[in-house]
Amino acid sequence: MRNLMNTRSIVAATVLGAVGWATPAAARDSDAAARCAAMAMLKLRDTSISSATLVPPKPGAATATGEVPGHPGFCRVVARVRSEPGSDIGVELWLPTSGWAGVFHGNGSGGFAGTFALGYSGMVEGLRRGFATATTDAGTAPATPLEGDALIGQPRKWRDWGRLSAHAMTVTGKAITAAFYGRAARRSYYTGCSTGGQMGLIEALYYPQDYDGILVGAPVMNRTWGHAAVLWNYAAANRAPGRLLSEAKLKLLNQTAIATCWRQGHAIAGDRFVADPMACRFDPQVLQCKAGGSDNCLTEGEVATARAFYSGPTDRNRRPIFFGWLPGSEMPDTFGWSFVQRPVAGEPPFGSLFKWVFGAKWDWKGFDFDRDMPVVDAQLDPIVNDAVRGSLAPFAARGGKLIVFHGLADTLVPPGQSVAFFDRHAAAMGGMRQLADSARLFLAPGMMHCGGGTGPDAFNATLGIPPRPPSNDARHDLFSALIAWTERGEAPDRIIATRYSDEAGGPIVMQRPLCAYPRRAVYRGTGATAAPASFACHAPADD
């Protein structure tokens, strides 16, 4: 990887002559197959080209819910970067064969990665905009997003996953892009969520020259304690009989939390989510059964499980160590509290990370957080936790723009991490006003991990989880807002988030503004609560 930075000019000189870029006709669609095939001959140091295949264009299609955009034809290039023993980072690149906008667009992965597929939704959006777009498997194959046992005993792969793979993708992807088009990209953007969010923060913190604009969601920052928080919840629900929260109990918790937060002024009547869960105080003991048990109350053990979720990991003296989940997040959804309570392949979700330290026979039942987490951190913190360190100052100094979004009902990556990240960097850069010149955070009430939940979650066309926003303009789409900020200096103060009637993108049932932190959307007191005009963005001092 250290040798990749100097290869762009070498690659361009090697390939351009072989492809024949001397006349404009060489760039026409009729020559697309030859241009694409020539990419297989690229000679990149530490890199091999696995394939270069021409993919035909896909036309747009009219559906009952509106027009579904297609995409142009492109050259699909797959490469492997092997810069050191034990490192094998996969890169996939889609190069539009016509209408290239002069932009390179990198995308991240998710979980333990090991696949290109989690970057495809962002790549499709980049391709629709005429961008050369790339993703990476983070160098962790044959791991899968939910299972990382294949990485036991492979510290270099841990490092690629935690720090290096996005940079390798970017340098390699830009070199291939320059070779294909005969010129370097004029702009570069990055998008990703979860692990992909972490990868984007690493780019901003440590490789500020790689991207002009970075858009990330629910970024994992402290990997070791992030995995520990999931294990903490799993253990709370499974270490003793009768503590697992059923779907009926989760719905009861959720409804009671929302009602409690509404009474405190932190939720809006009629909403199925909490508007400001960080300000709400909710103790599940109010639901404890007086006598016997039923679906209308919680047993003592169930109350203890719910309290563990809300508090997050604590030490043996019950002092908080890490972030917990917020009131309103108790949804029995795909990646809700139900998921965190139940095993994946017989193990706690994302528990493979602990096997990297304690070996393949590690048993979660004997894990002691006070005793064992210092051991985990001693081995893995320097390798996978770089997102909790570093500075945004160099990225800001070169004019880079960073947008972070996080669902306040996230149950895989605590939203408090993103708030703490912004508070820390604001303090380092002279205050939130100074930080806001280059970085902004948008918190999405009722949204789960990267998307889903009961709140409006359609505001980022690169996600692929909720339906696309109703418009590609910078008022409704964070990716467009990032581009407008980067290229025209139009900083986003608010984004309109949309909720549809169903996941297929049916009629709009609600729109709500998301305000740049530390501001939040406050109901004006009149007008429909489903209409964004009924809300104003208030700073904490305004409340």
# chains A, B, ... in the order shown; residues from 1 in each chain; ligands from 1
>>> residues_around(residues="segment 350-366 of chain A", least_positions_apart="4", cutoff="10 Å", atoms="only C-alpha atoms", output="PDB file with N, CA and C atoms, in the first residue's frame")
ATOM      1  N   GLY A 111     -20.218  -4.551   8.778  1.00  0.00           N
ATOM      2  CA  GLY A 111     -19.875  -5.675   9.633  1.00  0.00           C
ATOM      3  C   GLY A 111     -18.418  -6.064   9.493  1.00  0.00           C
ATOM      4  N   PHE A 112     -18.165  -7.370   9.418  1.00  0.00           N
ATOM      5  CA  PHE A 112     -16.805  -7.861   9.184  1.00  0.00           C
ATOM      6  C   PHE A 112     -16.423  -7.801   7.704  1.00  0.00           C
ATOM      7  N   PRO A 145     -20.187 -10.501   6.557  1.00  0.00           N
ATOM      8  CA  PRO A 145     -20.533  -9.348   7.391  1.00  0.00           C
ATOM      9  C   PRO A 145     -20.889  -9.695   8.838  1.00  0.00           C
ATOM     10  N   LEU A 146     -21.517 -10.853   9.067  1.00  0.00           N
ATOM     11  CA  LEU A 146     -21.941 -11.205  10.419  1.00  0.00           C
ATOM     12  C   LEU A 146     -21.011 -12.178  11.128  1.00  0.00           C
ATOM     13  N   GLU A 147     -19.992 -12.684  10.448  1.00  0.00           N
ATOM     14  CA  GLU A 147     -19.157 -13.718  11.061  1.00  0.00           C
ATOM     15  C   GLU A 147     -17.703 -13.542  10.651  1.00  0.00           C
ATOM     16  N   GLY A 148     -16.822 -13.361  11.656  1.00  0.00           N
ATOM     17  CA  GLY A 148     -15.414 -13.094  11.391  1.00  0.00           C
ATOM     18  C   GLY A 148     -14.459 -14.135  11.919  1.00  0.00           C
ATOM     19  N   ASP A 149     -14.938 -15.368  12.131  1.00  0.00           N
ATOM     20  CA  ASP A 149     -14.052 -16.416  12.644  1.00  0.00           C
ATOM     21  C   ASP A 149     -12.885 -16.697  11.707  1.00  0.00           C
ATOM     22  N   ALA A 150     -13.089 -16.457  10.402  1.00  0.00           N
ATOM     23  CA  ALA A 150     -12.016 -16.720   9.434  1.00  0.00           C
ATOM     24  C   ALA A 150     -10.811 -15.825   9.654  1.00  0.00           C
ATOM     25  N   LEU A 151     -10.944 -14.800  10.476  1.00  0.00           N
ATOM     26  CA  LEU A 151      -9.853 -13.850  10.698  1.00  0.00           C
ATOM     27  C   LEU A 151      -9.049 -14.163  11.960  1.00  0.00           C
ATOM     28  N   ILE A 152      -9.370 -15.245  12.646  1.00  0.00           N
ATOM     29  CA  ILE A 152      -8.611 -15.619  13.847  1.00  0.00           C
ATOM     30  C   ILE A 152      -7.150 -15.836  13.463  1.00  0.00           C
ATOM     31  N   GLY A 153      -6.248 -15.209  14.193  1.00  0.00           N
ATOM     32  CA  GLY A 153      -4.819 -15.375  13.944  1.00  0.00           C
ATOM     33  C   GLY A 153      -4.287 -14.613  12.754  1.00  0.00           C
ATOM     34  N   GLN A 154      -5.028 -13.601  12.254  1.00  0.00           N
ATOM     35  CA  GLN A 154      -4.589 -12.852  11.081  1.00  0.00           C
ATOM     36  C   GLN A 154      -4.579 -11.346  11.375  1.00  0.00           C
ATOM     37  N   PRO A 155      -3.627 -10.894  12.183  1.00  0.00           N
ATOM     38  CA  PRO A 155      -3.619  -9.482  12.600  1.00  0.00           C
ATOM     39  C   PRO A 155      -3.502  -8.491  11.463  1.00  0.00           C
ATOM     40  N   TRP A 158      -6.915  -7.776  10.360  1.00  0.00           N
ATOM     41  CA  TRP A 158      -7.594  -6.893  11.306  1.00  0.00           C
ATOM     42  C   TRP A 158      -7.238  -5.438  11.000  1.00  0.00           C
ATOM     43  N   ARG A 223     -14.244   0.127  18.009  1.00  0.00           N
ATOM     44  CA  ARG A 223     -14.656  -1.203  17.574  1.00  0.00           C
ATOM     45  C   ARG A 223     -14.702  -2.167  18.741  1.00  0.00           C
ATOM     46  N   THR A 224     -13.719  -2.128  19.619  1.00  0.00           N
ATOM     47  CA  THR A 224     -13.671  -3.117  20.686  1.00  0.00           C
ATOM     48  C   THR A 224     -14.864  -2.948  21.624  1.00  0.00           C
ATOM     49  N   GLY A 226     -17.608  -1.244  20.939  1.00  0.00           N
ATOM     50  CA  GLY A 226     -18.835  -1.416  20.172  1.00  0.00           C
ATOM     51  C   GLY A 226     -19.272  -2.867  20.163  1.00  0.00           C
ATOM     52  N   HIS A 227     -18.320  -3.779  19.937  1.00  0.00           N
ATOM     53  CA  HIS A 227     -18.643  -5.209  19.974  1.00  0.00           C
ATOM     54  C   HIS A 227     -18.959  -5.639  21.405  1.00  0.00           C
ATOM     55  N   ALA A 228     -18.255  -5.041  22.376  1.00  0.00           N
ATOM     56  CA  ALA A 228     -18.523  -5.370  23.773  1.00  0.00           C
ATOM     57  C   ALA A 228     -19.937  -4.960  24.180  1.00  0.00           C
ATOM     58  N   VAL A 230     -22.624  -4.937  22.277  1.00  0.00           N
ATOM     59  CA  VAL A 230     -23.545  -5.954  21.767  1.00  0.00           C
ATOM     60  C   VAL A 230     -23.469  -7.199  22.643  1.00  0.00           C
ATOM     61  N   LEU A 231     -22.257  -7.616  23.020  1.00  0.00           N
ATOM     62  CA  LEU A 231     -22.096  -8.773  23.894  1.00  0.00           C
ATOM     63  C   LEU A 231     -22.745  -8.522  25.256  1.00  0.00           C
ATOM     64  N   TRP A 232     -22.613  -7.306  25.782  1.00  0.00           N
ATOM     65  CA  TRP A 232     -23.221  -6.939  27.055  1.00  0.00           C
ATOM     66  C   TRP A 232     -24.732  -7.168  27.016  1.00  0.00           C
ATOM     67  N   TYR A 234     -26.421  -9.068  24.843  1.00  0.00           N
ATOM     68  CA  TYR A 234     -26.686 -10.497  24.636  1.00  0.00           C
ATOM     69  C   TYR A 234     -26.579 -11.251  25.953  1.00  0.00           C
ATOM     70  N   ALA A 235     -25.539 -10.947  26.721  1.00  0.00           N
ATOM     71  CA  ALA A 235     -25.341 -11.627  28.001  1.00  0.00           C
ATOM     72  C   ALA A 235     -26.457 -11.287  28.988  1.00  0.00           C
ATOM     73  N   ASN A 238     -29.351 -13.505  28.138  1.00  0.00           N
ATOM     74  CA  ASN A 238     -29.172 -14.951  28.008  1.00  0.00           C
ATOM     75  C   ASN A 238     -28.413 -15.627  29.144  1.00  0.00           C
ATOM     76  N   ARG A 239     -27.838 -14.881  30.070  1.00  0.00           N
ATOM     77  CA  ARG A 239     -27.050 -15.518  31.119  1.00  0.00           C
ATOM     78  C   ARG A 239     -27.906 -16.240  32.151  1.00  0.00           C
ATOM     79  N   VAL A 340     -30.083  -8.421  18.703  1.00  0.00           N
ATOM     80  CA  VAL A 340     -28.955  -8.382  19.626  1.00  0.00           C
ATOM     81  C   VAL A 340     -29.092  -9.445  20.711  1.00  0.00           C
ATOM     82  N   PRO A 343     -28.720 -15.575  19.115  1.00  0.00           N
ATOM     83  CA  PRO A 343     -27.426 -15.991  18.565  1.00  0.00           C
ATOM     84  C   PRO A 343     -27.404 -15.971  17.041  1.00  0.00           C
ATOM     85  N   VAL A 344     -26.222 -15.779  16.514  1.00  0.00           N
ATOM     86  CA  VAL A 344     -25.954 -15.934  15.083  1.00  0.00           C
ATOM     87  C   VAL A 344     -25.002 -17.108  14.955  1.00  0.00           C
ATOM     88  N   ASP A 372     -11.622  -8.870  31.342  1.00  0.00           N
ATOM     89  CA  ASP A 372     -11.232  -9.272  29.984  1.00  0.00           C
ATOM     90  C   ASP A 372     -11.144  -8.127  28.980  1.00  0.00           C
ATOM     91  N   MET A 373     -11.907  -7.055  29.177  1.00  0.00           N
ATOM     92  CA  MET A 373     -11.829  -5.975  28.197  1.00  0.00           C
ATOM     93  C   MET A 373     -10.474  -5.280  28.175  1.00  0.00           C
ATOM     94  N   VAL A 375      -7.706  -6.778  28.353  1.00  0.00           N
ATOM     95  CA  VAL A 375      -6.911  -7.685  27.511  1.00  0.00           C
ATOM     96  C   VAL A 375      -7.256  -7.467  26.045  1.00  0.00           C
ATOM     97  N   VAL A 376      -8.558  -7.343  25.755  1.00  0.00           N
ATOM     98  CA  VAL A 376      -9.003  -7.094  24.378  1.00  0.00           C
ATOM     99  C   VAL A 376      -8.420  -5.785  23.858  1.00  0.00           C
ATOM    100  N   ASP A 377      -8.529  -4.733  24.659  1.00  0.00           N
ATOM    101  CA  ASP A 377      -8.034  -3.433  24.225  1.00  0.00           C
ATOM    102  C   ASP A 377      -6.517  -3.413  24.060  1.00  0.00           C
ATOM    103  N   ALA A 378      -5.813  -4.117  24.919  1.00  0.00           N
ATOM    104  CA  ALA A 378      -4.354  -4.136  24.813  1.00  0.00           C
ATOM    105  C   ALA A 378      -3.916  -4.704  23.470  1.00  0.00           C
ATOM    106  N   GLN A 379      -4.660  -5.688  22.960  1.00  0.00           N
ATOM    107  CA  GLN A 379      -4.278  -6.317  21.700  1.00  0.00           C
ATOM    108  C   GLN A 379      -4.879  -5.632  20.482  1.00  0.00           C
ATOM    109  N   LEU A 380      -6.139  -5.201  20.577  1.00  0.00           N
ATOM    110  CA  LEU A 380      -6.840  -4.736  19.379  1.00  0.00           C
ATOM    111  C   LEU A 380      -6.983  -3.221  19.261  1.00  0.00           C
TER     112      LEU A 380
END
>>> select_by_dssp(residues="segment 7-185 of chain A", states="alpha helix (DSSP H)", output="PyMOL selection string")
chain A and resi 8-19+32-38+120-128+155-159+165-181
>>> residues_around(residues="segment 272-278 of chain A", least_positions_apart="5", cutoff="9 Å", atoms="only C-alpha atoms", output="PyMOL selection string")
chain A and resi 254-255+257-259+261-262+265-267+326-329+408-409+416+444-447+453-455+520-522
>>> residues_around(residues="Ala539 of chain A", least_positions_apart="2", cutoff="12 Å", atoms="only C-alpha atoms", output="MDAnalysis selection string")
chainID A and resid 432 493 515:522 536:537 541:543
>>> write_last_selection(atoms="N, CA, C and O atoms", output="PDB file, in the first residue's frame")
ATOM      1  N   MET A 432     -18.043  24.580  18.128  1.00  0.00           N
ATOM      2  CA  MET A 432     -18.926  23.957  17.147  1.00  0.00           C
ATOM      3  C   MET A 432     -19.078  24.813  15.892  1.00  0.00           C
ATOM      4  O   MET A 432     -19.220  24.282  14.780  1.00  0.00           O
ATOM      5  N   ASP A 493     -28.018  23.183   6.442  1.00  0.00           N
ATOM      6  CA  ASP A 493     -28.486  23.426   7.807  1.00  0.00           C
ATOM      7  C   ASP A 493     -29.574  22.440   8.213  1.00  0.00           C
ATOM      8  O   ASP A 493     -29.739  22.136   9.384  1.00  0.00           O
ATOM      9  N   CYS A 515     -32.059  18.534  11.592  1.00  0.00           N
ATOM     10  CA  CYS A 515     -31.295  19.770  11.762  1.00  0.00           C
ATOM     11  C   CYS A 515     -29.848  19.450  12.098  1.00  0.00           C
ATOM     12  O   CYS A 515     -29.558  18.472  12.791  1.00  0.00           O
ATOM     13  N   ALA A 516     -28.941  20.290  11.609  1.00  0.00           N
ATOM     14  CA  ALA A 516     -27.524  20.086  11.892  1.00  0.00           C
ATOM     15  C   ALA A 516     -27.272  20.247  13.387  1.00  0.00           C
ATOM     16  O   ALA A 516     -27.657  21.256  13.987  1.00  0.00           O
ATOM     17  N   TYR A 517     -26.649  19.245  13.997  1.00  0.00           N
ATOM     18  CA  TYR A 517     -26.324  19.255  15.422  1.00  0.00           C
ATOM     19  C   TYR A 517     -25.472  20.486  15.760  1.00  0.00           C
ATOM     20  O   TYR A 517     -24.613  20.865  14.982  1.00  0.00           O
ATOM     21  N   PRO A 518     -25.745  21.137  16.897  1.00  0.00           N
ATOM     22  CA  PRO A 518     -26.597  20.714  18.008  1.00  0.00           C
ATOM     23  C   PRO A 518     -28.052  21.167  17.909  1.00  0.00           C
ATOM     24  O   PRO A 518     -28.806  20.995  18.869  1.00  0.00           O
ATOM     25  N   ARG A 519     -28.456  21.730  16.799  1.00  0.00           N
ATOM     26  CA  ARG A 519     -29.866  22.098  16.646  1.00  0.00           C
ATOM     27  C   ARG A 519     -30.731  20.847  16.489  1.00  0.00           C
ATOM     28  O   ARG A 519     -30.243  19.790  16.096  1.00  0.00           O
ATOM     29  N   ARG A 520     -32.001  21.003  16.791  1.00  0.00           N
ATOM     30  CA  ARG A 520     -32.947  19.904  16.603  1.00  0.00           C
ATOM     31  C   ARG A 520     -34.281  20.483  16.148  1.00  0.00           C
ATOM     32  O   ARG A 520     -34.575  21.671  16.357  1.00  0.00           O
ATOM     33  N   ALA A 521     -35.093  19.647  15.499  1.00  0.00           N
ATOM     34  CA  ALA A 521     -36.383  20.083  14.973  1.00  0.00           C
ATOM     35  C   ALA A 521     -37.394  20.203  16.103  1.00  0.00           C
ATOM     36  O   ALA A 521     -37.594  19.259  16.873  1.00  0.00           O
ATOM     37  N   VAL A 522     -38.022  21.359  16.211  1.00  0.00           N
ATOM     38  CA  VAL A 522     -39.021  21.624  17.252  1.00  0.00           C
ATOM     39  C   VAL A 522     -40.339  22.017  16.582  1.00  0.00           C
ATOM     40  O   VAL A 522     -40.353  22.858  15.674  1.00  0.00           O
ATOM     41  N   ALA A 536     -39.283  23.981  13.171  1.00  0.00           N
ATOM     42  CA  ALA A 536     -38.148  24.897  13.053  1.00  0.00           C
ATOM     43  C   ALA A 536     -36.947  24.271  13.750  1.00  0.00           C
ATOM     44  O   ALA A 536     -37.090  23.479  14.686  1.00  0.00           O
ATOM     45  N   CYS A 537     -35.752  24.639  13.288  1.00  0.00           N
ATOM     46  CA  CYS A 537     -34.526  24.138  13.904  1.00  0.00           C
ATOM     47  C   CYS A 537     -34.127  25.058  15.050  1.00  0.00           C
ATOM     48  O   CYS A 537     -33.921  26.258  14.843  1.00  0.00           O
ATOM     49  N   ALA A 541     -29.774  26.655  23.251  1.00  0.00           N
ATOM     50  CA  ALA A 541     -30.009  27.902  23.989  1.00  0.00           C
ATOM     51  C   ALA A 541     -31.379  28.485  23.702  1.00  0.00           C
ATOM     52  O   ALA A 541     -31.888  29.314  24.467  1.00  0.00           O
ATOM     53  N   ASP A 542     -32.010  28.047  22.571  1.00  0.00           N
ATOM     54  CA  ASP A 542     -33.321  28.580  22.212  1.00  0.00           C
ATOM     55  C   ASP A 542     -34.456  27.920  22.988  1.00  0.00           C
ATOM     56  O   ASP A 542     -35.572  28.419  23.004  1.00  0.00           O
ATOM     57  N   ASP A 543     -34.168  26.730  23.572  1.00  0.00           N
ATOM     58  CA  ASP A 543     -35.232  25.947  24.214  1.00  0.00           C
ATOM     59  C   ASP A 543     -35.617  26.545  25.569  1.00  0.00           C
ATOM     60  O   ASP A 543     -34.849  27.215  26.217  1.00  0.00           O
TER      61      ASP A 543
END
>>> residues_around(residues="Arg440 of chain A", least_positions_apart="4", cutoff="9 Å", atoms="only C-alpha atoms", output="PDB file with N, CA, C and O atoms, in the first residue's frame")
ATOM      1  N   LYS A 401     -15.170  18.391   3.196  1.00  0.00           N
ATOM      2  CA  LYS A 401     -16.473  18.485   3.848  1.00  0.00           C
ATOM      3  C   LYS A 401     -16.905  17.091   4.307  1.00  0.00           C
ATOM      4  O   LYS A 401     -16.851  16.128   3.544  1.00  0.00           O
ATOM      5  N   LEU A 402     -17.352  17.011   5.567  1.00  0.00           N
ATOM      6  CA  LEU A 402     -17.787  15.755   6.169  1.00  0.00           C
ATOM      7  C   LEU A 402     -19.213  15.896   6.670  1.00  0.00           C
ATOM      8  O   LEU A 402     -19.534  16.838   7.396  1.00  0.00           O
ATOM      9  N   ILE A 403     -20.079  14.961   6.276  1.00  0.00           N
ATOM     10  CA  ILE A 403     -21.431  14.870   6.822  1.00  0.00           C
ATOM     11  C   ILE A 403     -21.590  13.499   7.464  1.00  0.00           C
ATOM     12  O   ILE A 403     -21.300  12.472   6.841  1.00  0.00           O
ATOM     13  N   VAL A 404     -22.045  13.492   8.718  1.00  0.00           N
ATOM     14  CA  VAL A 404     -22.339  12.258   9.446  1.00  0.00           C
ATOM     15  C   VAL A 404     -23.827  12.255   9.777  1.00  0.00           C
ATOM     16  O   VAL A 404     -24.384  13.286  10.156  1.00  0.00           O
ATOM     17  N   PHE A 405     -24.481  11.105   9.607  1.00  0.00           N
ATOM     18  CA  PHE A 405     -25.864  10.968  10.062  1.00  0.00           C
ATOM     19  C   PHE A 405     -25.961   9.727  10.951  1.00  0.00           C
ATOM     20  O   PHE A 405     -25.171   8.789  10.824  1.00  0.00           O
ATOM     21  N   PHE A 422     -18.377  14.517  17.593  1.00  0.00           N
ATOM     22  CA  PHE A 422     -18.493  15.925  17.192  1.00  0.00           C
ATOM     23  C   PHE A 422     -18.120  16.859  18.332  1.00  0.00           C
ATOM     24  O   PHE A 422     -17.453  17.880  18.110  1.00  0.00           O
ATOM     25  N   LEU A 435     -16.094  24.021  13.729  1.00  0.00           N
ATOM     26  CA  LEU A 435     -16.208  22.677  13.172  1.00  0.00           C
ATOM     27  C   LEU A 435     -17.257  22.632  12.066  1.00  0.00           C
ATOM     28  O   LEU A 435     -17.094  21.935  11.053  1.00  0.00           O
ATOM     29  N   ALA A 436     -18.351  23.395  12.235  1.00  0.00           N
ATOM     30  CA  ALA A 436     -19.450  23.370  11.266  1.00  0.00           C
ATOM     31  C   ALA A 436     -19.039  23.889   9.892  1.00  0.00           C
ATOM     32  O   ALA A 436     -19.738  23.653   8.907  1.00  0.00           O
ATOM     33  N   ALA A 491     -23.667  25.113   2.475  1.00  0.00           N
ATOM     34  CA  ALA A 491     -23.643  24.257   3.665  1.00  0.00           C
ATOM     35  C   ALA A 491     -25.063  23.858   4.063  1.00  0.00           C
ATOM     36  O   ALA A 491     -25.960  24.704   4.110  1.00  0.00           O
ATOM     37  N   PRO A 492     -25.307  22.583   4.371  1.00  0.00           N
ATOM     38  CA  PRO A 492     -26.656  22.133   4.734  1.00  0.00           C
ATOM     39  C   PRO A 492     -26.974  22.412   6.199  1.00  0.00           C
ATOM     40  O   PRO A 492     -26.278  21.941   7.099  1.00  0.00           O
ATOM     41  N   ASP A 493     -28.018  23.183   6.442  1.00  0.00           N
ATOM     42  CA  ASP A 493     -28.486  23.426   7.807  1.00  0.00           C
ATOM     43  C   ASP A 493     -29.574  22.440   8.213  1.00  0.00           C
ATOM     44  O   ASP A 493     -29.739  22.136   9.384  1.00  0.00           O
ATOM     45  N   ALA A 516     -28.941  20.290  11.609  1.00  0.00           N
ATOM     46  CA  ALA A 516     -27.524  20.086  11.892  1.00  0.00           C
ATOM     47  C   ALA A 516     -27.272  20.247  13.387  1.00  0.00           C
ATOM     48  O   ALA A 516     -27.657  21.256  13.987  1.00  0.00           O
ATOM     49  N   TYR A 517     -26.649  19.245  13.997  1.00  0.00           N
ATOM     50  CA  TYR A 517     -26.324  19.255  15.422  1.00  0.00           C
ATOM     51  C   TYR A 517     -25.472  20.486  15.760  1.00  0.00           C
ATOM     52  O   TYR A 517     -24.613  20.865  14.982  1.00  0.00           O
TER      53      TYR A 517
END
>>> closest_residue(among="A:Phe104, A:Trp485, A:Tyr120, A:Phe335", to="Gly451 of chain A", atoms="only C-alpha atoms")
A:Phe335
>>> atom_distance(atom1="atom CA of Cys36 of chain A", atom2="atom CA of Pro56 of chain A")
12.0 Å
>>> closest_residue(among="A:Gly292, A:Gly464, A:Pro284, A:Gly399", to="Lys249 of chain A", atoms="only C-alpha atoms")
A:Pro284
>>> residues_around(residues="Leu250 of chain A", least_positions_apart="3", cutoff="8 Å", atoms="only C-alpha atoms", output="list in words")
Leu245, Ser246, Glu247, Leu253, Asn254, Glu330, Met331, Pro332 and Trp337 of chain A
>>> write_last_selection(atoms="C-alpha atoms", output="CSV table (one decimal), in the first residue's frame")
chain,number,residue,atom,x,y,z
A,245,LEU,CA,-37.4,-10.0,26.1
A,246,SER,CA,-40.1,-11.4,23.8
A,247,GLU,CA,-41.5,-9.4,20.9
A,253,LEU,CA,-41.4,-1.3,26.3
A,254,ASN,CA,-41.3,0.7,23.2
A,330,GLU,CA,-36.8,-1.1,21.6
A,331,MET,CA,-38.1,-2.4,18.3
A,332,PRO,CA,-38.4,-6.1,17.4
A,337,TRP,CA,-33.2,-5.5,20.2
>>> residues_around(residues="Ser391 of chain A", least_positions_apart="3", cutoff="8 Å", atoms="only C-alpha atoms", output="ChimeraX atom specification")
/A:205-206,394,425
>>> atom_distance(atom1="atom CA of Phe479 of chain A", atom2="atom CA of Arg512 of chain A")
17.6 Å
>>> closest_residue(among="A:Phe459, A:Phe180, A:Phe322, A:Phe535", to="Asp477 of chain A", atoms="only C-alpha atoms")
A:Phe459
>>> closest_residue(among="A:Gly73, A:Gly114, A:Gly324, A:Pro540", to="Ala308 of chain A", atoms="only C-alpha atoms")
A:Gly324
